[in-house]
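Asks: Here you go, this is model01.pdb (PDB, C-alpha atoms and all ligand atoms).
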ATOM      1  CA  MET A1311       0.781  16.292 -20.986
ATOM      2  CA  LYS A1312      -2.051  16.068 -18.470
ATOM      3  CA  ALA A1313      -1.098  15.543 -14.813
ATOM      4  CA  LEU A1314      -2.937  15.577 -11.488
ATOM      5  CA  LEU A1315      -1.042  18.163  -9.465
ATOM      6  CA  ILE A1316      -1.249  18.855  -5.753
ATOM      7  CA  GLU A1317      -0.292  22.279  -4.499
ATOM      8  CA  ASP A1318      -1.198  23.745  -1.090
ATOM      9  CA  SER A1319      -3.685  20.893  -0.531
ATOM     10  CA  LYS A1320      -5.470  21.702  -3.818
ATOM     11  CA  LEU A1321      -5.874  19.095  -6.547
ATOM     12  CA  ASN A1322      -5.770  20.280 -10.104
ATOM     13  CA  LEU A1323      -5.695  18.449 -13.440
ATOM     14  CA  ALA A1324      -3.251  20.630 -15.349
ATOM     15  CA  ASP A1325      -1.139  20.803 -18.489
ATOM     16  CA  SER A1326       2.393  20.080 -17.466
ATOM     17  CA  PRO A1327       5.678  19.618 -19.361
ATOM     18  CA  ILE A1328       6.705  15.999 -20.079
ATOM     19  CA  PRO A1329       9.270  15.203 -17.342
ATOM     20  CA  ARG A1330      12.843  14.669 -18.528
ATOM     21  CA  ARG A1331      15.358  13.760 -15.840
ATOM     22  CA  ASP A1332      18.917  13.094 -16.999
ATOM     23  CA  GLY A1333      19.812   9.423 -17.261
ATOM     24  CA  GLU A1334      16.256   8.260 -16.542
ATOM     25  CA  ALA A1335      13.632   6.370 -18.509
ATOM     26  CA  LEU A1336      10.466   7.966 -19.852
ATOM     27  CA  VAL A1337       7.449   5.790 -19.115
ATOM     28  CA  ARG A1338       3.944   6.304 -20.517
ATOM     29  CA  MET A1339       1.535   5.464 -17.730
ATOM     30  CA  THR A1340      -1.217   3.076 -18.836
ATOM     31  CA  MET A1341      -2.836   2.372 -15.460
ATOM     32  CA  ALA A1342      -2.387   3.835 -11.983
ATOM     33  CA  GLY A1343      -3.912   3.095  -8.588
ATOM     34  CA  ILE A1344      -5.071   5.543  -5.920
ATOM     35  CA  CYS A1345      -4.069   4.581  -2.393
ATOM     36  CA  ASN A1346      -4.633   6.060   1.062
ATOM     37  CA  THR A1347      -1.203   7.669   0.974
ATOM     38  CA  ASP A1348      -2.323   9.736  -2.042
ATOM     39  CA  ILE A1349      -5.430  10.832  -0.164
ATOM     40  CA  GLU A1350      -3.357  11.758   2.900
ATOM     41  CA  ILE A1351      -0.871  13.673   0.703
ATOM     42  CA  ALA A1352      -3.799  15.581  -0.785
ATOM     43  CA  ARG A1353      -4.706  16.484   2.828
ATOM     44  CA  GLY A1354      -1.214  17.758   3.532
ATOM     45  CA  TYR A1355       0.758  14.673   4.597
ATOM     46  CA  ALA A1356       4.461  14.745   3.566
ATOM     47  CA  ASN A1357       4.231  18.377   2.388
ATOM     48  CA  PHE A1358       4.407  17.253  -1.219
ATOM     49  CA  ARG A1359       3.754  19.365  -4.291
ATOM     50  CA  GLY A1360       3.774  18.147  -7.872
ATOM     51  CA  ALA A1361       2.194  15.238  -9.753
ATOM     52  CA  LEU A1362       0.659  12.747  -7.343
ATOM     53  CA  GLY A1363       0.681   8.939  -7.622
ATOM     54  CA  HIS A1364       3.092   6.069  -7.062
ATOM     55  CA  GLU A1365       1.203   2.887  -8.040
ATOM     56  CA  PHE A1366       1.387   2.375 -11.800
ATOM     57  CA  VAL A1367       2.030   0.150 -14.770
ATOM     58  CA  GLY A1368       3.256   1.658 -18.024
ATOM     59  CA  VAL A1369       5.229   1.268 -21.249
ATOM     60  CA  VAL A1370       8.822   2.493 -21.625
ATOM     61  CA  GLU A1371       9.156   5.019 -24.473
ATOM     62  CA  GLU A1372      12.749   6.098 -23.876
ATOM     63  CA  SER A1373      15.505   4.645 -21.691
ATOM     64  CA  PRO A1374      19.294   4.605 -21.449
ATOM     65  CA  ASP A1375      18.757   0.821 -21.216
ATOM     66  CA  LYS A1376      17.602   0.186 -24.790
ATOM     67  CA  SER A1377      16.342  -3.312 -23.904
ATOM     68  CA  GLN A1378      13.518  -1.690 -21.914
ATOM     69  CA  ILE A1379      12.073   0.353 -24.772
ATOM     70  CA  GLY A1380       8.552  -0.764 -25.677
ATOM     71  CA  ARG A1381       8.315  -3.068 -22.653
ATOM     72  CA  ARG A1382       5.523  -3.058 -20.075
ATOM     73  CA  VAL A1383       6.939  -2.148 -16.657
ATOM     74  CA  VAL A1384       6.235  -1.367 -13.028
ATOM     75  CA  GLY A1385       8.666   0.722 -10.987
ATOM     76  CA  GLU A1386      10.154   0.767  -7.491
ATOM     77  CA  ILE A1387       9.165   4.185  -6.170
ATOM     78  CA  ASN A1388      12.239   5.157  -4.094
ATOM     79  CA  VAL A1389      15.288   6.619  -5.809
ATOM     80  CA  GLY A1390      18.397   6.854  -3.629
ATOM     81  CA  CYS A1391      21.386   9.152  -4.067
ATOM     82  CA  GLY A1392      23.570   6.196  -5.034
ATOM     83  CA  GLN A1393      26.460   7.476  -2.892
ATOM     84  CA  CYS A1394      25.614   6.943   0.788
ATOM     85  CA  ASP A1395      26.227   3.818   2.893
ATOM     86  CA  LEU A1396      22.578   2.749   2.661
ATOM     87  CA  CYS A1397      22.487   3.083  -1.130
ATOM     88  CA  ARG A1398      25.749   1.171  -1.407
ATOM     89  CA  ALA A1399      24.202  -1.565   0.755
ATOM     90  CA  ASN A1400      21.385  -1.782  -1.847
ATOM     91  CA  ASP A1401      18.852  -0.031   0.409
ATOM     92  CA  PRO A1402      17.847   3.160  -1.447
ATOM     93  CA  ARG A1403      14.439   2.883   0.272
ATOM     94  CA  HIS A1404      16.033   4.426   3.360
ATOM     95  CA  CYS A1405      18.547   6.792   1.757
ATOM     96  CA  PRO A1406      18.303  10.136   3.610
ATOM     97  CA  ASN A1407      18.531  11.976   0.279
ATOM     98  CA  ARG A1408      16.063   9.791  -1.604
ATOM     99  CA  THR A1409      13.196  10.958  -3.729
ATOM    100  CA  ALA A1410       9.994   8.939  -3.952
ATOM    101  CA  LEU A1411       7.605   8.896  -6.888
ATOM    102  CA  GLY A1412       4.690  11.223  -6.199
ATOM    103  CA  ILE A1413       5.560  11.418  -2.486
ATOM    104  CA  ARG A1414       8.889  13.157  -2.034
ATOM    105  CA  GLY A1415      10.753  15.456  -4.423
ATOM    106  CA  ARG A1416       9.692  13.651  -7.590
ATOM    107  CA  ASP A1417       6.634  13.954  -9.841
ATOM    108  CA  GLY A1418       4.420  10.898  -9.779
ATOM    109  CA  ALA A1419       2.290   8.586 -11.864
ATOM    110  CA  PHE A1420      -1.076  10.363 -12.113
ATOM    111  CA  ALA A1421       0.198  11.832 -15.367
ATOM    112  CA  GLU A1422       0.590  10.747 -18.969
ATOM    113  CA  TYR A1423       4.352  10.330 -18.470
ATOM    114  CA  LEU A1424       6.765   9.782 -15.598
ATOM    115  CA  ASN A1425      10.511   9.347 -15.114
ATOM    116  CA  LEU A1426      12.357   6.689 -13.132
ATOM    117  CA  PRO A1427      15.931   5.406 -13.372
ATOM    118  CA  PRO A1428      16.176   2.273 -15.564
ATOM    119  CA  GLY A1429      17.308   0.295 -12.518
ATOM    120  CA  ASN A1430      13.992   0.961 -10.783
ATOM    121  CA  LEU A1431      11.945  -0.619 -13.566
ATOM    122  CA  LEU A1432      10.850  -4.258 -13.685
ATOM    123  CA  ILE A1433       9.403  -5.927 -16.777
ATOM    124  CA  VAL A1434       5.869  -7.234 -16.217
ATOM    125  CA  PRO A1435       5.427 -10.894 -17.277
ATOM    126  CA  ASP A1436       3.027 -11.320 -20.233
ATOM    127  CA  SER A1437       0.602 -13.399 -18.180
ATOM    128  CA  VAL A1438       0.082 -10.552 -15.681
ATOM    129  CA  THR A1439      -2.600  -8.061 -16.800
ATOM    130  CA  ASP A1440      -2.407  -4.295 -16.220
ATOM    131  CA  ARG A1441      -5.220  -4.593 -13.679
ATOM    132  CA  GLN A1442      -3.046  -7.023 -11.700
ATOM    133  CA  ALA A1443       0.315  -5.318 -12.262
ATOM    134  CA  VAL A1444      -1.028  -2.014 -10.933
ATOM    135  CA  PHE A1445      -1.174  -3.734  -7.515
ATOM    136  CA  THR A1446       2.569  -4.551  -7.497
ATOM    137  CA  GLU A1447       3.511  -1.673  -5.168
ATOM    138  CA  PRO A1448       0.879  -2.272  -2.455
ATOM    139  CA  LEU A1449       1.421  -6.021  -2.774
ATOM    140  CA  ALA A1450       5.160  -5.514  -2.229
ATOM    141  CA  ALA A1451       4.302  -3.412   0.822
ATOM    142  CA  ALA A1452       2.201  -6.304   2.152
ATOM    143  CA  LEU A1453       4.974  -8.823   1.459
ATOM    144  CA  GLU A1454       7.456  -6.580   3.300
ATOM    145  CA  ILE A1455       5.803  -7.746   6.559
ATOM    146  CA  LEU A1456       6.968 -11.298   5.876
ATOM    147  CA  ASP A1457      10.499  -9.974   5.302
ATOM    148  CA  GLN A1458      10.404  -8.315   8.722
ATOM    149  CA  VAL A1459       8.770 -10.931  10.953
ATOM    150  CA  GLU A1460       8.541 -14.685  10.618
ATOM    151  CA  ILE A1461       4.870 -15.658  10.636
ATOM    152  CA  ARG A1462       4.365 -19.411  10.920
ATOM    153  CA  ALA A1463       1.269 -21.594  10.653
ATOM    154  CA  SER A1464       1.201 -21.897  14.448
ATOM    155  CA  HIS A1465       0.860 -18.121  14.978
ATOM    156  CA  THR A1466      -2.296 -16.130  15.628
ATOM    157  CA  VAL A1467      -2.426 -12.900  13.628
ATOM    158  CA  ALA A1468      -4.910 -10.019  13.503
ATOM    159  CA  VAL A1469      -5.070  -7.446  10.725
ATOM    160  CA  VAL A1470      -6.740  -4.210  11.851
ATOM    161  CA  GLY A1471      -8.528  -2.371   9.041
ATOM    162  CA  ASP A1472     -10.748  -3.811   6.296
ATOM    163  CA  GLY A1473      -9.838  -1.203   3.646
ATOM    164  CA  LYS A1474      -7.739  -1.643   0.517
ATOM    165  CA  LEU A1475      -4.446  -2.338   2.263
ATOM    166  CA  GLY A1476      -5.954  -4.476   5.026
ATOM    167  CA  GLN A1477      -7.674  -6.619   2.392
ATOM    168  CA  LEU A1478      -4.453  -7.078   0.464
ATOM    169  CA  ILE A1479      -2.387  -7.799   3.576
ATOM    170  CA  SER A1480      -4.958 -10.367   4.763
ATOM    171  CA  ARG A1481      -4.725 -12.241   1.477
ATOM    172  CA  VAL A1482      -0.931 -12.248   1.622
ATOM    173  CA  ILE A1483      -0.674 -13.251   5.292
ATOM    174  CA  ALA A1484      -3.329 -15.982   4.879
ATOM    175  CA  ARG A1485      -0.864 -17.776   2.596
ATOM    176  CA  THR A1486       1.344 -18.559   5.617
ATOM    177  CA  GLY A1487      -1.405 -20.832   6.966
ATOM    178  CA  CYS A1488      -1.520 -18.904  10.265
ATOM    179  CA  ASP A1489      -4.704 -18.407  12.312
ATOM    180  CA  LEU A1490      -5.683 -15.052  10.805
ATOM    181  CA  THR A1491      -8.512 -12.667  11.727
ATOM    182  CA  LEU A1492      -9.326  -9.448   9.861
ATOM    183  CA  VAL A1493     -10.847  -6.875  12.224
ATOM    184  CA  GLY A1494     -12.947  -4.160  10.595
ATOM    185  CA  LYS A1495     -16.036  -1.979  10.808
ATOM    186  CA  HIS A1496     -17.638  -2.496   7.411
ATOM    187  CA  GLU A1497     -19.970  -5.453   6.869
ATOM    188  CA  ALA A1498     -19.545  -5.570   3.085
ATOM    189  CA  LYS A1499     -15.769  -5.465   3.239
ATOM    190  CA  LEU A1500     -15.595  -8.117   5.938
ATOM    191  CA  GLU A1501     -17.761 -10.292   3.701
ATOM    192  CA  LEU A1502     -15.371  -9.690   0.829
ATOM    193  CA  ALA A1503     -12.485 -10.966   2.954
ATOM    194  CA  ALA A1504     -14.560 -13.898   4.192
ATOM    195  CA  ARG A1505     -15.195 -14.903   0.570
ATOM    196  CA  ALA A1506     -11.402 -15.069   0.147
ATOM    197  CA  GLY A1507     -11.302 -17.489   3.075
ATOM    198  CA  VAL A1508     -10.246 -15.027   5.774
ATOM    199  CA  LYS A1509     -11.801 -15.211   9.257
ATOM    200  CA  THR A1510     -13.302 -11.817  10.146
ATOM    201  CA  ALA A1511     -14.357  -9.915  13.251
ATOM    202  CA  LYS A1512     -16.590  -6.866  13.458
ATOM    203  CA  LEU A1513     -15.760  -3.885  15.578
ATOM    204  CA  GLY A1514     -18.951  -2.437  17.013
ATOM    205  CA  ALA A1515     -20.336  -0.664  20.057
ATOM    206  CA  GLU A1516     -20.597  -4.025  21.859
ATOM    207  CA  GLY A1517     -16.897  -4.757  21.322
ATOM    208  CA  ILE A1518     -15.316  -7.034  18.762
ATOM    209  CA  VAL A1519     -17.368 -10.004  17.636
ATOM    210  CA  LEU A1520     -16.029 -12.828  15.557
ATOM    211  CA  CYS A1521     -18.197 -13.043  12.421
ATOM    212  CA  SER A1522     -17.222 -16.121  10.501
ATOM    213  CA  ASP A1523     -17.671 -18.646  13.255
ATOM    214  CA  ASN A1524     -20.668 -20.821  14.128
ATOM    215  CA  PHE A1525     -21.257 -18.928  17.322
ATOM    216  CA  SER A1526     -20.549 -15.263  18.002
ATOM    217  CA  ARG A1527     -17.532 -15.108  20.227
ATOM    218  CA  ARG A1528     -16.204 -11.934  21.749
ATOM    219  CA  LEU A1529     -12.572 -11.178  21.089
ATOM    220  CA  THR A1530     -12.079  -8.615  23.820
ATOM    221  CA  LYS A1531     -11.775 -11.094  26.724
ATOM    222  CA  GLY A1532      -8.054 -10.522  26.663
ATOM    223  CA  PRO A1533      -5.211  -9.821  24.350
ATOM    224  CA  GLN A1534      -4.412 -12.950  22.407
ATOM    225  CA  PHE A1535      -2.654 -12.358  19.121
ATOM    226  CA  ASP A1536       1.040 -13.080  18.479
ATOM    227  CA  PHE A1537       1.106 -10.423  15.743
ATOM    228  CA  VAL A1538      -1.214  -7.504  15.048
ATOM    229  CA  ILE A1539      -0.852  -5.681  11.736
ATOM    230  CA  GLU A1540      -2.283  -2.170  11.879
ATOM    231  CA  ALA A1541      -3.570  -1.105   8.459
ATOM    232  CA  SER A1542      -6.633   0.932   9.382
ATOM    233  CA  GLY A1543      -5.219   4.164   7.994
ATOM    234  CA  SER A1544      -6.408   6.030  11.070
ATOM    235  CA  PRO A1545      -4.768   7.151  14.332
ATOM    236  CA  GLY A1546      -7.224   5.032  16.403
ATOM    237  CA  GLY A1547      -5.971   1.778  14.899
ATOM    238  CA  PHE A1548      -2.915   1.674  17.128
ATOM    239  CA  ARG A1549      -4.989   1.639  20.319
ATOM    240  CA  LEU A1550      -7.024  -1.281  19.008
ATOM    241  CA  ALA A1551      -3.793  -3.078  18.096
ATOM    242  CA  LEU A1552      -2.651  -2.668  21.718
ATOM    243  CA  ASP A1553      -5.959  -4.180  22.900
ATOM    244  CA  LEU A1554      -5.412  -7.241  20.729
ATOM    245  CA  ILE A1555      -1.708  -8.004  21.103
ATOM    246  CA  ARG A1556      -0.554 -10.571  23.658
ATOM    247  CA  PRO A1557       2.308  -9.751  26.050
ATOM    248  CA  ARG A1558       5.632  -9.944  24.158
ATOM    249  CA  GLY A1559       3.810  -9.927  20.821
ATOM    250  CA  ALA A1560       4.685  -7.666  17.880
ATOM    251  CA  ILE A1561       2.615  -4.889  16.335
ATOM    252  CA  ILE A1562       3.428  -4.058  12.717
ATOM    253  CA  LEU A1563       2.418  -0.534  11.695
ATOM    254  CA  LYS A1564       1.426   0.065   8.076
ATOM    255  CA  SER A1565      -0.658   3.249   8.168
ATOM    256  CA  THR A1566       0.689   6.671   7.303
ATOM    257  CA  PHE A1567      -1.526   9.685   7.913
ATOM    258  CA  ARG A1568      -1.292  13.408   8.414
ATOM    259  CA  ASP A1569      -2.460  13.390  12.051
ATOM    260  CA  GLN A1570      -0.508  11.891  14.933
ATOM    261  CA  ALA A1571      -1.616   8.788  16.827
ATOM    262  CA  PRO A1572      -1.915   9.025  20.618
ATOM    263  CA  ILE A1573       0.313   6.310  22.058
ATOM    264  CA  ASP A1574       0.116   4.721  25.507
ATOM    265  CA  THR A1575       3.793   3.866  25.815
ATOM    266  CA  SER A1576       3.390   2.345  29.306
ATOM    267  CA  ARG A1577       1.352  -0.528  27.914
ATOM    268  CA  ILE A1578       4.097  -1.177  25.364
ATOM    269  CA  VAL A1579       6.707  -1.217  28.161
ATOM    270  CA  VAL A1580       4.751  -3.282  30.698
ATOM    271  CA  ASN A1581       3.700  -5.916  28.172
ATOM    272  CA  GLU A1582       7.061  -5.842  26.370
ATOM    273  CA  ILE A1583       5.455  -5.295  22.986
ATOM    274  CA  SER A1584       7.622  -4.926  19.875
ATOM    275  CA  VAL A1585       6.443  -2.161  17.544
ATOM    276  CA  ILE A1586       7.681  -2.451  13.972
ATOM    277  CA  GLY A1587       7.272   0.181  11.273
ATOM    278  CA  SER A1588       6.713  -1.270   7.822
ATOM    279  CA  ARG A1589       6.695   0.591   4.522
ATOM    280  CA  CYS A1590       7.675  -0.377   0.970
ATOM    281  CA  GLY A1591       8.748  -3.833  -0.126
ATOM    282  CA  ARG A1592      10.680  -5.371  -2.980
ATOM    283  CA  PHE A1593       8.812  -5.579  -6.269
ATOM    284  CA  LYS A1594      10.346  -8.810  -7.512
ATOM    285  CA  SER A1595       8.540 -11.111  -5.099
ATOM    286  CA  ALA A1596       5.275  -9.213  -5.671
ATOM    287  CA  LEU A1597       5.524  -9.779  -9.426
ATOM    288  CA  GLN A1598       6.299 -13.452  -8.827
ATOM    289  CA  LEU A1599       3.200 -13.781  -6.655
ATOM    290  CA  LEU A1600       1.087 -12.106  -9.365
ATOM    291  CA  GLU A1601       2.566 -14.376 -12.020
ATOM    292  CA  SER A1602       1.801 -17.471  -9.946
ATOM    293  CA  GLY A1603      -1.853 -16.398  -9.860
ATOM    294  CA  GLY A1604      -1.749 -16.929  -6.111
ATOM    295  CA  ILE A1605      -3.841 -13.914  -5.272
ATOM    296  CA  GLU A1606      -7.174 -12.700  -6.622
ATOM    297  CA  LEU A1607      -7.354  -8.926  -6.998
ATOM    298  CA  ASP A1608     -10.371  -8.191  -9.184
ATOM    299  CA  PRO A1609     -12.800  -8.067  -6.216
ATOM    300  CA  LEU A1610     -10.658  -5.281  -4.734
ATOM    301  CA  ILE A1611     -11.186  -2.921  -7.694
ATOM    302  CA  ALA A1612     -13.975  -0.407  -7.211
ATOM    303  CA  ARG A1613     -13.889   1.556 -10.457
ATOM    304  CA  GLU A1614     -11.746   2.814 -13.353
ATOM    305  CA  TYR A1615     -11.537   6.450 -14.437
ATOM    306  CA  GLU A1616      -9.757   8.161 -17.315
ATOM    307  CA  LEU A1617      -6.756  10.224 -16.215
ATOM    308  CA  THR A1618      -8.657  13.325 -17.382
ATOM    309  CA  ASP A1619     -11.265  12.578 -14.660
ATOM    310  CA  ALA A1620      -8.598  12.189 -11.960
ATOM    311  CA  VAL A1621     -10.069  14.849  -9.644
ATOM    312  CA  GLU A1622     -13.394  12.989  -9.644
ATOM    313  CA  ALA A1623     -11.535   9.695  -9.148
ATOM    314  CA  MET A1624      -9.785  11.074  -6.069
ATOM    315  CA  ALA A1625     -13.134  12.218  -4.645
ATOM    316  CA  GLU A1626     -14.519   8.720  -5.174
ATOM    317  CA  ALA A1627     -11.448   7.089  -3.599
ATOM    318  CA  GLU A1628     -11.810   9.380  -0.598
ATOM    319  CA  ARG A1629     -15.370   8.252   0.124
ATOM    320  CA  PRO A1630     -15.297   5.938   3.153
ATOM    321  CA  GLY A1631     -15.578   2.300   2.205
ATOM    322  CA  THR A1632     -14.328   2.663  -1.375
ATOM    323  CA  LEU A1633     -11.935  -0.029  -2.563
ATOM    324  CA  LYS A1634      -9.218   0.487  -5.216
ATOM    325  CA  VAL A1635      -9.919   3.252  -7.715
ATOM    326  CA  LEU A1636      -7.830   3.041 -10.899
ATOM    327  CA  LEU A1637      -6.826   5.641 -13.473
ATOM    328  CA  THR A1638      -6.267   4.748 -17.126
ATOM    329  CA  ASN A1639      -4.380   6.632 -19.803
TER     330      ASN A1639
HETATM  331 ZN    ZN A1701       0.337   3.201  -2.248
HETATM  332 ZN    ZN A1702      21.767   7.345  -0.683
END
Just give me the structure as C-alpha cells.
Replies:
Amino acid sequence: MKALLIEDSKLNLADSPIPRRDGEALVRMTMAGICNTDIEIARGYANFRGALGHEFVGVVEESPDKSQIGRRVVGEINVGCGQCDLCRANDPRHCPNRTALGIRGRDGAFAEYLNLPPGNLLIVPDSVTDRQAVFTEPLAAALEILDQVEIRASHTVAVVGDGKLGQLISRVIARTGCDLTLVGKHEAKLELAARAGVKTAKLGAEGIVLCSDNFSRRLTKGPQFDFVIEASGSPGGFRLALDLIRPRGAIILKSTFRDQAPIDTSRIVVNEISVIGSRCGRFKSALQLLESGGIELDPLIAREYELTDAVEAMAEAERPGTLKVLLTN
C-alpha cells in the first residue's frame, strides 16, 4: 500500500506493507485530515518515525468484532497497555506504555490501511458525511476543554490563535453562551470566525483591537478574561495568554510544538493563575455533536488531495494561514 512516511524529518510517499497487528481491526482509510501536530512531527516533534496521521474516517475490512466489518468508522488514537492502573480506570489516553496513531509507536492514517483495536473504533452515523467525520478527533480535543473546566454563560473567554484548532475551539466554546473573543493575526480567518457569530480581536503592532464591535476598543488595558484557551500553535501564544488572563483565572493550553515556550512563572504565581494542559477528548460526544448538526465545518476545509499527493498536501498545510487540508483514498 501507499503510505506517507516520516523518517529523520524527511517525508516520503512510499510503498509499505499493509499493517497487521494481532487482535486489531484493519481499516481502509477513506479520508484523513492534516493537523498542526502532523506538521510539528514532520519537523521533529515527538521523535516519531513511520506513517504519519491520526485524523481519519475509514471502512473496516477485517476485525475480530465481526459486527464492525463493512462499517464506516472513526478511531480513538491512543491505545493503552490494558494492564496498568490508568488503563483499568478506563484512561488509556494517559497510559505510560500507550501507543498513539501516527504519533507514538504506531503507524498512522496517511496510508491506504491502518490498524486499531476494535474497542477504539466508533461507527459513524449515516447522517454524518466523511467531510464532517474526519473532524471527530480535533472536535473531541476541543470538547475536552469543557470536560476539564466549567465554562458558563456568565464567563468571559478568549481563544488565542485563529488557525484550524482555534476556529474549531471557538465554535465549540461559543455554544456555552459565554462572552467569547477569538484573538488572532489573520484578517480573513477572523472574518471566518465572525461569520460563525464569534466576536474577534486583531493582534497588531498597536496592540489588540476588538474587531466585531461598533467602535474599536483596545483589549490590552488590563487582563480581563476568566479563561484563556491557547491554541496558537506557537511558543509566543502563552505570553499573550498571560497578558489576557485575569488574576485567579485559568489558562488552558492546547498547542504542542517542537520548540519550548519561555514561561514567566512569577506572573503565574503572583496572579494565582491555573494552567491546564489539554489534549485528546472522547470521541462519543464529538460524534453526537456532528450528528446534531450543531457545528458547521465546511468553511474550515481548505482543499482535498489524493493520498498519492500527500507530500504536496503537507506542503500546502504548512503554508501559514492554510485551514484544514484533507487527504482522500
Ligand atoms: Zn490532530
Ligand atoms: Zn496502560
Asks: List the neighbours of segment 1365-1373 of chain A out to 8 Å using only C-alpha atoms; skip same-chain residues closer than 5 positions along the sequence, and give me the result as a PyMOL selection string.
Replies: chain A and resi 1333-1345+1378-1385+1419+1428+1440+1443-1448
Asks: Using only C-alpha atoms, can you tell me which of A:Ala1560, A:Ala1468, A:Val1538, A:Leu1323 comes closest to Ile1586 of chain A?
Replies: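 Between A:Ala1560, A:Ala1468, A:Val1538, A:Leu1323, the residue approaching Ile1586 of chain A most closely is A:Ala1560.
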Asks: In Å to one decimal, how far is atom CA of Thr1347 of chain A from atom CA of Gly1547 of chain A?
Replies: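 For atom CA of Gly1547 of chain A relative to atom CA of Thr1347 of chain A, the distance reads 15.9 Å.
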Asks: Which residues come within 10 Å of Phe1593 of chain A, counting all atoms listed in the file, excluding same-chain residues fewer than 2 positions away, as a PDB file with C-alpha atoms, in the coordinates of the input?
Replies:
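Once everything was written out, this is around-v6.pdb:
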ATOM      1  CA  VAL A1384       6.235  -1.367 -13.028  1.00  0.00           C
ATOM      2  CA  GLY A1385       8.666   0.722 -10.987  1.00  0.00           C
ATOM      3  CA  GLU A1386      10.154   0.767  -7.491  1.00  0.00           C
ATOM      4  CA  ILE A1387       9.165   4.185  -6.170  1.00  0.00           C
ATOM      5  CA  ASN A1430      13.992   0.961 -10.783  1.00  0.00           C
ATOM      6  CA  LEU A1431      11.945  -0.619 -13.566  1.00  0.00           C
ATOM      7  CA  LEU A1432      10.850  -4.258 -13.685  1.00  0.00           C
ATOM      8  CA  THR A1446       2.569  -4.551  -7.497  1.00  0.00           C
ATOM      9  CA  GLU A1447       3.511  -1.673  -5.168  1.00  0.00           C
ATOM     10  CA  PRO A1448       0.879  -2.272  -2.455  1.00  0.00           C
ATOM     11  CA  LEU A1449       1.421  -6.021  -2.774  1.00  0.00           C
ATOM     12  CA  ALA A1450       5.160  -5.514  -2.229  1.00  0.00           C
ATOM     13  CA  ALA A1451       4.302  -3.412   0.822  1.00  0.00           C
ATOM     14  CA  LEU A1453       4.974  -8.823   1.459  1.00  0.00           C
ATOM     15  CA  GLU A1454       7.456  -6.580   3.300  1.00  0.00           C
ATOM     16  CA  CYS A1590       7.675  -0.377   0.970  1.00  0.00           C
ATOM     17  CA  GLY A1591       8.748  -3.833  -0.126  1.00  0.00           C
ATOM     18  CA  SER A1595       8.540 -11.111  -5.099  1.00  0.00           C
ATOM     19  CA  ALA A1596       5.275  -9.213  -5.671  1.00  0.00           C
ATOM     20  CA  LEU A1597       5.524  -9.779  -9.426  1.00  0.00           C
ATOM     21  CA  GLN A1598       6.299 -13.452  -8.827  1.00  0.00           C
ATOM     22  CA  LEU A1599       3.200 -13.781  -6.655  1.00  0.00           C
TER      23      LEU A1599
END
Asks: For the file shown, what are the residues hit by the PyMOL selection byres (((chain A and resi 1551-1559) around 9) and not hetatm), laid out as a ChimeraX atom specification?
Replies: /A:1467-1470,1529-1530,1532-1540,1546-1550,1560-1561,1574,1577-1578,1580-1585
Asks: Using all atoms listed in the file, determine which residues lie at most 7 Å from segment 1626-1636 of chain A, disregarding the query and same-chain residues fewer than 2 positions distant; provide the list as a list of chain:residue names.
Replies: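 Once the adjacent positions are removed, what remains is A:Met1341, A:Ala1342, A:Gly1343, A:Ile1344, A:Ile1349, A:Gly1473, A:Lys1474, A:Leu1610, A:Ile1611, A:Ala1612, A:Arg1613, A:Glu1614, A:Tyr1615, A:Glu1622, A:Ala1623, A:Met1624, A:Thr1638.
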Asks: Find the residues with any atom within 6 Å of (2.9, -22.8, 10.3); use all atoms listed in the file and the coordinates as given in the file, and write the answer as a ChimeraX atom specification.
Replies: /A:1462-1464,1487-1488
Asks: With distances taken over all atoms listed in the file, which of A:Asp1325, A:Asp1569, A:Asp1318, A:Asp1348 is nearest to ligand ZN 1701 (chain A)?
Replies: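 Using all atoms listed in the file, the shortest distance to ligand ZN 1701 (chain A) belongs to A:Asp1348.
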Asks: Which distance in Å separates atom CA of Ala1399 of chain A and atom CA of Lys1564 of chain A, to one decimal?
Replies: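 So the two atoms, atom CA of Ala1399 of chain A and atom CA of Lys1564 of chain A, lie 24.0 Å apart.
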Asks: Residues near segment 1406-1410 of chain A, anyone? I mean within 6 Å using all atoms listed in the file, not counting same-chain ones fewer than 2 positions away, as an mmCIF file with C-alpha atoms, in the coordinates of the input.
Replies:
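The result, stored in around-v5.cif:
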data_model
loop_
_atom_site.group_PDB
_atom_site.id
_atom_site.type_symbol
_atom_site.label_atom_id
_atom_site.label_comp_id
_atom_site.auth_asym_id
_atom_site.auth_seq_id
_atom_site.Cartn_x
_atom_site.Cartn_y
_atom_site.Cartn_z
ATOM 1 C CA ILE A 1387 9.165 4.185 -6.170
ATOM 2 C CA ASN A 1388 12.239 5.157 -4.094
ATOM 3 C CA VAL A 1389 15.288 6.619 -5.809
ATOM 4 C CA GLY A 1390 18.397 6.854 -3.629
ATOM 5 C CA CYS A 1391 21.386 9.152 -4.067
ATOM 6 C CA ILE A 1413 5.560 11.418 -2.486
ATOM 7 C CA ARG A 1414 8.889 13.157 -2.034
ATOM 8 C CA GLY A 1415 10.753 15.456 -4.423
ATOM 9 C CA ARG A 1416 9.692 13.651 -7.590
#
Asks: Taking all atoms listed in the file into account, name the residue in A:Gly1429, A:Gly1604, A:Gly1354, A:Gly1514 that is nearest to His1496 of chain A.
Replies: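 Checking each of A:Gly1429, A:Gly1604, A:Gly1354, A:Gly1514 against His1496 of chain A, counting all atoms listed in the file, the winner is A:Gly1514.
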Asks: Taking all atoms listed in the file and a cut-off of 6 Å, can you tell me which residues surround ligand ZN 1702 (chain A), written as a ChimeraX atom specification?
Replies: /A:1390-1394,1396-1397,1402,1405,1407
Asks: Name every residue that the PyMOL selection byres (((chain A and resi 1472) around 8) and not hetatm) selects in this structure, writing the answer as a PyMOL selection string with chains first and numbers rising.
Replies: chain A and resi 1470-1471+1473-1477+1492-1496+1499-1500+1541-1542
Asks: From the list A:Arg1589, A:Ile1316, A:Ile1573, A:Val1519, which residue is nearest ligand ZN 1701 (chain A) when using all atoms listed in the file?
Replies: A:Arg1589
Asks: For a test of reading the model, state the distance in Å between atom CA of Asp1489 of chain A and atom CA of Leu1520 of chain A, rounded to one decimal.
Replies: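 Atom CA of Leu1520 of chain A lies 13.0 Å from atom CA of Asp1489 of chain A.
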